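Source file: structure_37.csv (CSV, C-alpha atoms)
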```
chain,number,residue,atom,x,y,z
A,29,MET,CA,0.0,0.0,0.0
A,30,VAL,CA,2.8,2.4,0.9
A,31,TYR,CA,4.5,1.6,-2.4
A,32,GLN,CA,1.2,2.3,-4.3
A,33,MET,CA,0.8,5.6,-2.5
A,34,THR,CA,4.3,6.6,-3.3
A,35,GLU,CA,3.6,5.7,-6.9
A,36,GLN,CA,0.4,7.7,-6.9
A,37,GLN,CA,2.2,10.6,-5.2
A,38,GLN,CA,4.9,10.4,-7.8
A,39,LEU,CA,2.2,10.3,-10.6
A,40,THR,CA,0.4,13.2,-9.1
A,41,LYS,CA,3.6,15.2,-8.8
A,42,ILE,CA,4.5,14.3,-12.4
A,43,LEU,CA,1.0,15.2,-13.5
A,44,THR,CA,1.1,18.5,-11.7
A,45,LEU,CA,4.5,19.2,-13.2
A,46,LEU,CA,3.1,18.3,-16.6
A,47,GLU,CA,0.0,20.5,-16.0
A,48,GLN,CA,2.3,23.3,-14.9
A,49,ALA,CA,4.3,22.8,-18.0
A,50,ASN,CA,1.2,22.7,-20.1
A,51,SER,CA,-0.1,25.8,-18.5
A,52,ARG,CA,3.3,27.5,-19.1
A,53,LEU,CA,3.2,26.3,-22.6
A,54,ASP,CA,-0.3,27.8,-23.0
A,55,LYS,CA,1.0,31.0,-21.6
A,56,LEU,CA,3.9,30.9,-24.0
A,57,ASP,CA,1.5,30.3,-26.9
A,58,GLN,CA,-0.5,33.4,-25.8
A,59,ASP,CA,2.7,35.4,-25.6
A,60,PHE,CA,3.7,34.2,-29.0
A,61,GLN,CA,0.4,35.2,-30.5
A,62,ASN,CA,0.5,38.6,-28.9
A,63,THR,CA,4.1,39.2,-30.1
A,64,ASN,CA,3.1,38.0,-33.6
A,65,GLN,CA,0.3,40.5,-33.6
A,66,ARG,CA,2.5,43.3,-32.5
A,67,MET,CA,5.6,42.4,-34.5
A,68,GLU,CA,5.4,41.3,-38.1
A,69,ARG,CA,9.1,40.9,-38.4
A,70,MET,CA,9.4,38.4,-35.7
A,71,GLU,CA,7.5,35.7,-37.7
A,72,LYS,CA,10.6,33.7,-38.3
A,73,ASP,CA,11.5,33.6,-34.6
A,74,ALA,CA,7.9,32.8,-33.7
A,75,LYS,CA,7.9,30.0,-36.3
A,76,GLU,CA,11.0,28.5,-34.8
A,77,THR,CA,9.6,28.8,-31.3
A,78,ASN,CA,6.4,27.2,-32.5
A,79,GLN,CA,8.3,24.4,-34.0
A,80,ARG,CA,10.2,24.0,-30.7
A,81,MET,CA,6.9,24.0,-28.9
A,82,GLU,CA,5.5,21.4,-31.2
A,83,ARG,CA,8.6,19.3,-30.5
A,84,ILE,CA,8.0,19.8,-26.8
A,85,GLU,CA,4.4,18.8,-27.2
A,86,GLN,CA,5.6,15.7,-29.0
A,87,ASN,CA,7.9,15.0,-26.2
A,88,ALA,CA,5.1,15.5,-23.8
A,89,GLN,CA,3.0,13.0,-25.8
A,90,GLU,CA,5.8,10.6,-25.7
A,91,THR,CA,6.1,11.0,-22.0
A,92,ASN,CA,2.4,10.4,-21.7
A,93,GLN,CA,2.8,7.3,-23.7
A,94,ARG,CA,5.7,6.3,-21.6
A,95,MET,CA,3.9,6.7,-18.3
A,96,GLU,CA,4.0,2.9,-17.9
A,97,ARG,CA,7.7,3.2,-17.6
A,98,ILE,CA,7.6,6.1,-15.2
A,99,GLU,CA,9.5,4.2,-12.5
A,100,GLN,CA,12.5,3.8,-14.7
A,101,ASN,CA,12.3,7.1,-16.5
A,102,ALA,CA,11.1,9.3,-13.6
A,103,GLN,CA,14.6,10.7,-13.0
A,104,GLU,CA,15.1,11.3,-16.7
A,105,THR,CA,11.8,13.1,-17.0
A,106,ASN,CA,12.6,15.3,-14.0
A,107,GLN,CA,15.9,16.1,-15.7
A,108,ARG,CA,14.2,16.7,-18.9
A,109,MET,CA,11.6,19.0,-17.2
A,110,GLU,CA,14.4,20.9,-15.6
A,111,ARG,CA,16.0,21.3,-19.0
A,112,MET,CA,12.7,22.3,-20.5
A,113,GLU,CA,12.3,24.9,-17.8
A,114,GLN,CA,15.8,26.2,-18.5
A,115,ASN,CA,14.9,26.2,-22.2
A,116,LEU,CA,11.7,28.1,-21.4
A,117,GLN,CA,13.6,30.6,-19.4
A,118,GLU,CA,16.1,31.0,-22.2
A,119,THR,CA,13.3,31.4,-24.7
A,120,ASN,CA,11.6,34.0,-22.5
A,121,GLN,CA,14.9,35.8,-22.2
A,122,ARG,CA,15.4,35.6,-25.9
A,123,MET,CA,11.9,36.8,-26.5
A,124,GLU,CA,12.5,39.8,-24.2
A,125,ARG,CA,15.8,40.5,-26.0
A,126,ASN,CA,14.1,40.2,-29.3
A,127,ALA,CA,11.3,42.5,-28.1
A,128,GLN,CA,13.8,45.1,-27.0
A,129,GLU,CA,15.7,44.8,-30.2
A,130,THR,CA,12.5,45.2,-32.2
A,131,ASN,CA,11.4,48.2,-30.2
A,132,GLN,CA,14.8,49.7,-30.8
A,133,ARG,CA,14.5,49.0,-34.5
A,134,MET,CA,11.1,50.5,-34.6
A,135,GLU,CA,12.4,53.6,-32.9
A,136,ARG,CA,15.2,53.8,-35.4
A,137,MET,CA,12.8,53.3,-38.2
A,138,GLU,CA,10.6,56.1,-36.9
A,139,GLN,CA,13.7,58.3,-36.6
A,140,ASN,CA,14.7,57.4,-40.1
A,141,LEU,CA,11.2,58.1,-41.4
A,142,GLN,CA,11.2,61.5,-39.7
A,143,GLU,CA,14.6,62.2,-41.2
A,144,THR,CA,13.4,61.1,-44.6
A,145,ASN,CA,10.3,63.2,-44.3
A,146,GLN,CA,12.4,66.2,-43.4
A,147,ARG,CA,14.7,65.5,-46.3
A,148,MET,CA,11.8,65.1,-48.7
A,149,GLU,CA,10.3,68.4,-47.5
A,150,ARG,CA,13.7,70.1,-47.9
A,151,ASN,CA,14.1,68.6,-51.4
A,152,ALA,CA,10.5,69.7,-52.2
A,153,GLN,CA,11.3,73.2,-51.1
A,154,GLU,CA,14.5,73.3,-53.0
A,155,THR,CA,12.8,71.9,-56.2
A,156,ASN,CA,10.1,74.5,-55.8
A,157,GLN,CA,12.7,77.2,-55.5
A,158,ARG,CA,14.6,75.8,-58.5
A,159,MET,CA,11.4,75.7,-60.5
A,160,GLU,CA,10.7,79.3,-59.6
A,161,ARG,CA,14.2,80.3,-60.6
A,162,MET,CA,13.8,78.4,-63.9
A,163,GLU,CA,10.5,80.1,-64.6
A,164,GLN,CA,12.2,83.5,-63.9
A,165,ASN,CA,15.1,82.5,-66.2
A,166,LEU,CA,12.6,81.5,-68.8
A,167,GLN,CA,10.7,84.7,-68.6
A,168,GLU,CA,14.0,86.7,-68.7
A,169,THR,CA,15.2,84.6,-71.7
A,170,ASN,CA,11.8,85.1,-73.5
A,171,GLN,CA,12.1,88.9,-72.8
A,172,ARG,CA,15.6,88.9,-74.1
A,173,MET,CA,14.6,86.9,-77.2
A,174,GLU,CA,11.8,89.3,-77.9
A,175,GLN,CA,14.1,92.3,-77.5
A,176,ASN,CA,16.7,90.6,-79.7
A,177,LEU,CA,14.1,89.8,-82.3
A,178,GLN,CA,12.9,93.4,-82.2
A,179,GLU,CA,16.4,94.7,-82.5
A,180,THR,CA,17.2,92.2,-85.4
A,181,ASN,CA,14.0,93.2,-87.2
A,182,GLN,CA,14.9,96.9,-86.8
A,183,ARG,CA,18.4,96.2,-88.0
A,184,MET,CA,17.1,94.2,-91.0
A,185,GLU,CA,14.7,97.0,-91.9
A,186,ARG,CA,17.5,99.5,-91.6
A,187,ASN,CA,19.8,97.3,-93.7
A,188,LEU,CA,17.1,96.8,-96.3
A,189,GLN,CA,16.5,100.5,-96.5
A,190,GLU,CA,20.2,101.2,-96.8
A,191,THR,CA,20.6,98.6,-99.5
A,192,ASN,CA,17.6,99.9,-101.3
A,193,GLN,CA,19.0,103.4,-101.2
A,194,ARG,CA,22.4,102.1,-102.4
A,195,ILE,CA,20.8,100.2,-105.2
A,196,GLU,CA,18.8,103.3,-106.3
A,197,GLN,CA,22.0,105.4,-106.2
A,198,GLU,CA,23.9,102.8,-108.2
A,199,VAL,CA,21.1,102.6,-110.7
A,200,LYS,CA,21.1,106.4,-111.1
A,201,ARG,CA,24.9,106.3,-111.5
A,202,TRP,CA,24.7,103.6,-114.2
A,203,ASP,CA,22.0,105.5,-115.9
A,204,GLU,CA,24.1,108.7,-115.9
A,205,ARG,CA,27.1,106.7,-117.2
A,206,PHE,CA,25.0,105.1,-119.9
A,207,PHE,CA,23.7,108.5,-121.0
A,208,GLN,CA,27.3,109.9,-121.1
A,209,LEU,CA,28.5,106.9,-123.1
A,210,VAL,CA,25.6,107.4,-125.5
A,211,LYS,CA,26.5,111.1,-125.8
A,212,GLU,CA,30.2,110.3,-126.4
A,213,GLN,CA,29.4,107.6,-128.9
A,214,GLY,CA,27.2,110.1,-130.7
A,215,GLN,CA,29.9,112.7,-130.8
A,216,THR,CA,32.5,110.2,-132.1
A,217,ALA,CA,30.1,109.1,-134.8
A,218,ARG,CA,29.5,112.7,-135.8
A,219,THR,CA,33.3,113.4,-136.0
A,220,ILE,CA,33.8,110.2,-138.0
A,221,ILE,CA,31.0,111.2,-140.4
A,222,ILE,CA,32.3,114.8,-140.8
A,223,ALA,CA,35.9,113.5,-141.4
A,224,ALA,CA,34.6,111.0,-144.0
A,225,ALA,CA,32.6,113.7,-145.7
A,226,SER,CA,35.5,116.1,-145.7
A,227,VAL,CA,37.7,113.5,-147.2
A,228,VAL,CA,35.2,112.8,-149.9
A,229,VAL,CA,34.6,116.5,-150.6
A,230,LEU,CA,38.2,117.6,-150.5
A,231,SER,CA,39.8,114.6,-152.3
A,232,PRO,CA,39.8,116.3,-155.8
A,233,VAL,CA,41.1,119.5,-154.4
A,234,LEU,CA,43.9,117.7,-152.7
A,235,GLY,CA,44.6,115.8,-155.9
A,236,THR,CA,45.0,119.1,-157.8
A,237,VAL,CA,47.1,120.6,-155.0
A,238,VAL,CA,49.4,117.5,-155.2
A,239,ASP,CA,49.8,117.9,-159.0
A,240,LEU,CA,50.6,121.5,-158.6
A,241,VAL,CA,53.1,120.8,-156.0
A,242,SER,CA,54.7,118.1,-158.1
A,243,ARG,CA,54.9,120.3,-161.1
A,244,LEU,CA,56.4,123.1,-159.2
A,245,ALA,CA,59.0,120.7,-157.8
A,246,SER,CA,59.8,119.5,-161.3
A,247,ARG,CA,60.4,123.0,-162.5
```
Rewritten as structure tokens:
Amino acid sequence: MVYQMTEQQQLTKILTLLEQANSRLDKLDQDFQNTNQRMERMEKDAKETNQRMERIEQNAQETNQRMERIEQNAQETNQRMERMEQNLQETNQRMERNAQETNQRMERMEQNLQETNQRMERNAQETNQRMERMEQNLQETNQRMEQNLQETNQRMERNLQETNQRIEQEVKRWDERFFQLVKEQGQTARTIIIAAASVVVLSPVLGTVVDLVSRLASR
């Protein structure tokens, strides 16, 4: 009877330990779910812990199946439970560390977002200022182009007027030269005609004069 009571007590102790372990595992599941809802980037770690928890559950099932051998494996199960508690403590510590790291990362990300927003605002202001300067430059260039076009048009008109005047003057000069050449050609033609007529008229007189001169010379 005493031996049976000790076995029952050991069984109850083991069951209580298992229940405590199960309750702890349930709490850990809840903690994992909460952390998964809060942290999207810790899914990998949560998956690994879930896999570990599944392994632990498999070990618990195996221990339940091996309850018939509890007398031999009681010490081993106690040791395993201690190891499991250590592992749970380590996992809790790791989870706390990961939570702190994720919080730090979130703070850094918020700071980076604020800095990027400030930089974007600065860039937007600079781009707006540059666009305003470009618009001013475009207006100035358009005004300069219009002034240059007006000046060039005025210069072209002046040059056209000057060239027209020069052409008119040259035409007048060439007309005067042409009239002078016509006059000179008319005068030369008159002199030629007069000389030819005088030669024709005076040729017999000259012939007689030559005869007289020759006779006088012979005498």
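The smallest atom-to-atom distance between Met81 of chain A and any of A:Gln208, A:Asn140, A:Thr119, A:Gln100, using only C-alpha atoms, is found for A:Thr119.
Atom CA of Glu118 of chain A to atom CA of Gln48 of chain A spans 17.4 Å [interatomic distance, one decimal].
Distances here use all atoms listed in the file; by that measure, the residue among A:Leu56, A:Ile220, A:Met173, A:Met67 closest to Asn131 of chain A is A:Met67.
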At most 12 Å from (4.7, 15.8, -22.8), file frame, all atoms listed in the file: which residues, as a PyMOL selection string? chain A and resi 42-51+53+81-95+105-106+108-109+112
Separation of atom CA of Met162 of chain A from atom CA of Glu143 of chain A, in Å and rounded to one decimal: 27.9 Å
Residue among A:Arg172, A:Arg97, A:Arg161, A:Arg194 lying closest to Glu35 of chain A, counting only C-alpha atoms: A:Arg97
